[in-house]
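Structure file work-v1.txt with compact mmCIF, C-alpha atoms:
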# COMPACT_ATOMS: atom_id res chain seq x y z
CA GLY A 1 -24.80 10.57 -1.80
CA ARG A 2 -21.88 10.72 -4.17
CA SER A 3 -19.30 11.52 -1.54
CA THR A 4 -20.50 8.60 0.62
CA GLU A 5 -20.10 6.29 -2.39
CA THR A 6 -16.65 7.73 -3.08
CA GLU A 7 -15.70 7.34 0.58
CA ARG A 8 -16.91 3.73 0.46
CA LYS A 9 -14.76 3.11 -2.62
CA ILE A 10 -11.73 4.63 -0.88
CA LYS A 11 -12.29 2.40 2.17
CA GLU A 12 -12.68 -0.65 -0.11
CA ALA A 13 -9.43 0.31 -1.84
CA LEU A 14 -7.69 0.50 1.55
CA ILE A 15 -9.08 -2.90 2.57
CA HIS A 16 -8.01 -4.36 -0.78
CA THR A 17 -4.55 -2.83 -0.34
CA ASP A 18 -4.23 -4.36 3.15
CA LYS A 19 -5.33 -7.76 1.78
CA SER A 20 -2.87 -7.48 -1.10
CA LEU A 21 -0.01 -6.60 1.25
CA ASN A 22 -0.90 -9.56 3.49
CA ALA A 23 -1.08 -11.89 0.46
CA ILE A 24 2.36 -10.68 -0.69
CA LYS A 25 3.71 -11.19 2.84
CA GLU A 26 2.21 -14.72 3.06
CA TYR A 27 3.63 -15.59 -0.37
CA PHE A 28 7.16 -14.76 0.73
CA GLU A 29 7.05 -16.22 4.27
CA PRO A 30 8.19 -19.74 3.14
CA TYR A 31 11.48 -18.23 1.96
CA LEU A 32 12.24 -17.34 5.58
CA GLU A 33 12.90 -21.04 6.22
CA VAL A 34 16.24 -20.79 4.39
CA SER A 35 18.90 -20.90 7.08
CA PHE A 36 21.41 -18.40 5.67
CA VAL A 37 21.82 -15.61 8.22
CA GLU A 38 22.47 -12.85 5.71
CA TYR A 39 19.47 -13.87 3.58
CA ARG A 40 17.20 -14.10 6.63
CA SER A 41 18.38 -10.67 7.77
CA THR A 42 17.52 -9.19 4.38
CA VAL A 43 14.08 -10.82 4.39
CA ASP A 44 13.43 -9.62 7.95
CA LYS A 45 14.45 -6.09 6.92
CA LEU A 46 12.07 -6.17 3.94
CA ASN A 47 9.24 -7.50 6.12
CA SER A 48 9.94 -4.72 8.61
CA GLU A 49 9.77 -2.16 5.80
CA ILE A 50 6.45 -3.63 4.63
CA LYS A 51 5.08 -3.38 8.18
CA THR A 52 6.36 0.20 8.38
CA MET A 53 4.55 1.01 5.13
CA GLN A 54 1.36 -0.59 6.46
CA LYS A 55 1.69 1.57 9.59
CA GLU A 56 2.23 4.65 7.39
CA ILE A 57 -0.94 3.82 5.44
CA GLU A 58 -2.81 3.41 8.73
CA HIS A 59 -1.24 6.69 9.91
CA LEU A 60 -2.83 8.44 6.92
CA ARG A 61 -6.20 7.33 8.27
CA VAL A 62 -5.75 8.66 11.80
CA THR A 63 -3.56 11.78 11.73
CA ASN A 64 -5.18 15.16 12.32
CA GLU A 65 -5.93 17.75 9.64
CA SER A 66 -2.81 19.81 10.35
CA GLY A 67 -0.84 16.58 9.94
CA ASN A 68 -2.33 16.05 6.45
CA GLU A 69 -4.94 13.50 7.48
CA LEU A 70 -6.69 12.92 4.18
CA ILE A 71 -9.52 10.72 5.40
CA HIS A 72 -10.34 13.03 8.30
CA GLN A 73 -10.58 15.92 5.83
CA ASN A 74 -12.81 13.74 3.65
CA GLU A 75 -15.12 12.99 6.57
CA ARG A 76 -15.18 16.66 7.58
CA LEU A 77 -16.03 17.78 4.04
CA ASN A 78 -18.68 15.08 3.69
CA TYR A 79 -20.17 16.17 7.02
CA GLU A 80 -20.20 19.78 5.83
CA ASN A 81 -21.91 18.66 2.61
CA VAL A 82 -24.61 16.88 4.64
CA GLN A 83 -25.10 19.93 6.87
CA LEU A 84 -25.30 22.18 3.83
CA LYS A 85 -27.90 19.91 2.24
CA GLN A 86 -30.01 19.94 5.43
CA LYS A 87 -29.77 23.72 5.60
CA LEU A 88 -30.72 24.00 1.94
CA ASP A 89 -33.69 21.66 2.42
CA GLY A 90 -34.90 23.93 5.26
CA LEU A 91 -34.54 27.10 3.22
CA GLU A 92 -36.47 26.23 0.05
CA ALA A 93 -37.17 29.80 -1.10
CA ILE A 94 -33.59 30.94 -0.52
CA ARG A 95 -32.32 27.82 -2.23
CA LYS A 96 -34.31 28.68 -5.35
CA ASP A 97 -32.90 32.21 -5.38
CA ASN A 98 -29.33 31.16 -4.65
CA PHE A 99 -29.30 27.79 -6.41
CA GLN A 100 -26.43 28.62 -8.75
CA SER A 101 -24.06 29.97 -6.08
CA ILE A 102 -24.87 27.14 -3.68
CA MET A 103 -24.26 24.52 -6.35
CA GLU A 104 -20.95 26.16 -7.21
CA ARG A 105 -19.95 25.96 -3.55
CA LYS A 106 -21.00 22.31 -3.36
CA GLN A 107 -19.03 21.63 -6.54
CA GLU A 108 -15.96 23.30 -5.05
CA GLN A 109 -16.31 21.18 -1.92
CA PHE A 110 -16.81 18.06 -4.02
CA ASP A 111 -13.75 18.95 -6.13
CA GLU A 112 -11.69 19.43 -2.97
CA THR A 113 -12.91 16.09 -1.60
CA PHE A 114 -12.18 14.42 -4.92
CA LYS A 115 -8.65 15.87 -4.99
CA ILE A 116 -7.99 14.67 -1.44
CA GLN A 117 -9.24 11.20 -2.34
CA ASN A 118 -7.10 11.15 -5.49
CA ASP A 119 -4.09 12.18 -3.40
CA LEU A 120 -4.81 9.30 -1.02
CA ILE A 121 -5.10 6.86 -3.91
CA GLY A 122 -1.84 8.24 -5.32
CA ASN A 123 -0.14 7.70 -1.96
CA LEU A 124 -1.48 4.15 -1.78
CA ARG A 125 -0.33 3.50 -5.36
CA GLU A 126 3.16 4.75 -4.48
CA GLN A 127 3.23 2.44 -1.46
CA LEU A 128 2.15 -0.51 -3.62
CA GLU A 129 4.78 0.34 -6.25
CA GLN A 130 7.42 0.50 -3.51
CA ASN A 131 6.23 -2.89 -2.22
CA ALA A 132 6.46 -4.30 -5.76
CA LYS A 133 10.04 -3.02 -6.08
CA GLU A 134 10.96 -4.59 -2.75
CA MET A 135 9.31 -7.87 -3.75
CA GLN A 136 11.36 -7.79 -6.99
CA THR A 137 14.50 -7.27 -4.90
CA LEU A 138 13.49 -10.24 -2.74
CA ARG A 139 12.94 -12.37 -5.86
CA GLN A 140 16.40 -11.36 -7.13
CA LEU A 141 17.96 -12.25 -3.77
CA ASN A 142 16.23 -15.64 -3.95
CA THR A 143 17.51 -16.19 -7.52
CA ASN A 144 21.04 -15.20 -6.45
CA LEU A 145 20.82 -17.54 -3.46
CA LYS A 146 19.71 -20.44 -5.69
CA SER A 147 22.59 -19.74 -8.09
CA THR A 148 25.10 -19.67 -5.22
CA MET A 149 23.72 -22.92 -3.80
CA ASP A 150 23.89 -24.58 -7.26
CA GLU A 151 27.50 -23.40 -7.70
CA ARG A 152 28.46 -24.74 -4.27
CA ALA A 153 26.80 -28.07 -5.00
CA LEU A 154 28.72 -28.33 -8.29
CA ILE A 155 32.03 -27.47 -6.59
CA GLN A 156 31.40 -30.03 -3.84
CA THR A 157 30.54 -32.66 -6.46
CA GLN A 158 33.74 -31.90 -8.37
CA GLU A 159 35.81 -32.02 -5.17
CA CYS A 160 34.34 -35.41 -4.33
CA LEU A 161 35.13 -36.77 -7.81
CA LEU A 162 38.72 -35.46 -8.03
CA PRO A 163 40.27 -37.83 -5.45
CA GLU A 164 38.73 -40.82 -7.23
CA ALA A 165 40.18 -39.66 -10.55
CA SER A 166 43.70 -39.45 -9.04
CA ASN A 167 43.40 -42.99 -7.60
CA ILE A 168 42.66 -44.41 -11.06
CA ILE A 169 45.91 -42.99 -12.43
Let's see the structure in the file written out as structure tokens.
Amino acid sequence: GRSTETERKIKEALIHTDKSLNAIKEYFEPYLEVSFVEYRSTVDKLNSEIKTMQKEIEHLRVTNESGNELIHQNERLNYENVQLKQKLDGLEAIRKDNFQSIMERKQEQFDETFKIQNDLIGNLREQLEQNAKEMQTLRQLNTNLKSTMDERALIQTQECLLPEASNII
């Protein structure tokens, strides 16, 4: 039904998020070859934070209901929706009499499921935004490192040329 389709979309979003995080990680791995200890330490710290965020996303999938497990609540609500539908199918006459109240209850359950799923998507979006900020920081560190290396190369070139200039005089 609808909730199964929504659940499938949520799971696809999670898979896509994992793939995106891995692609971001793979994109930045070549920068780890730079041999500056401070730079490597910063990159390692950012990679650790990305892994921590991935674990937090996974944690959202497996924590219990009292620990705010959104997917578990989704599965429970979807299961309750299926049970309710089976019960309604078995009670045709009662369903006709109580159609409006039953549909309102199903709508409330659907709305609750939808809110939980939106909250999960919001959490995932926040994680992705945080990753984007950290990737921007990493890009800035790389730019700063390139600038520093260029400055050092220029200084070394000037230092090499200065003794020759004094010999000419």
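Neighbouring residues of segment 10-17 of chain A at 10 Å or closer, counting all atoms listed in the file and skipping chain neighbours under 4 positions away, are A:Thr4, A:Glu5, A:Thr6, A:Leu21, A:Asn22, A:Ala23, A:Gln54, A:Ile57, A:Glu58, A:Arg61, A:Ile71, A:Gln117, A:Asn118, A:Leu120, A:Ile121, A:Leu124, A:Arg125, A:Gln127, A:Leu128.
Interatomic distance, atom CA of Asn123 of chain A against atom CA of Arg76 of chain A: 19.9 Å.
The coordinates place atom CA of Arg8 of chain A at 17.6 Å from atom CA of Gln109 of chain A.
Atom CA of Lys19 of chain A is positioned 23.7 Å from atom CA of Asn142 of chain A.
Checking A:Val82, A:Ala132, A:Met149, A:Met103 one by one against Gly1 of chain A, counting all atoms listed in the file, you find the shortest gap at A:Val82.
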Each residue of segment 88-139 of chain A with at least one atom at most 12 Å from segment 41-46 of chain A should appear once, together with its nearest atom pair and the corresponding distance in Å (one decimal); atoms considered: only C-alpha atoms; ordering: chain, then increasing residue number; output as a tab-separated table.
residue	atom	partner	partner_atom	distance
A:Gln130	CA	A:Leu46	CA	11.0
A:Asn131	CA	A:Leu46	CA	9.1
A:Ala132	CA	A:Leu46	CA	11.4
A:Lys133	CA	A:Leu46	CA	10.7
A:Glu134	CA	A:Leu46	CA	7.0
A:Met135	CA	A:Leu46	CA	8.3
A:Gln136	CA	A:Leu46	CA	11.1
A:Thr137	CA	A:Leu46	CA	9.2
A:Leu138	CA	A:Val43	CA	7.2
A:Arg139	CA	A:Val43	CA	10.4
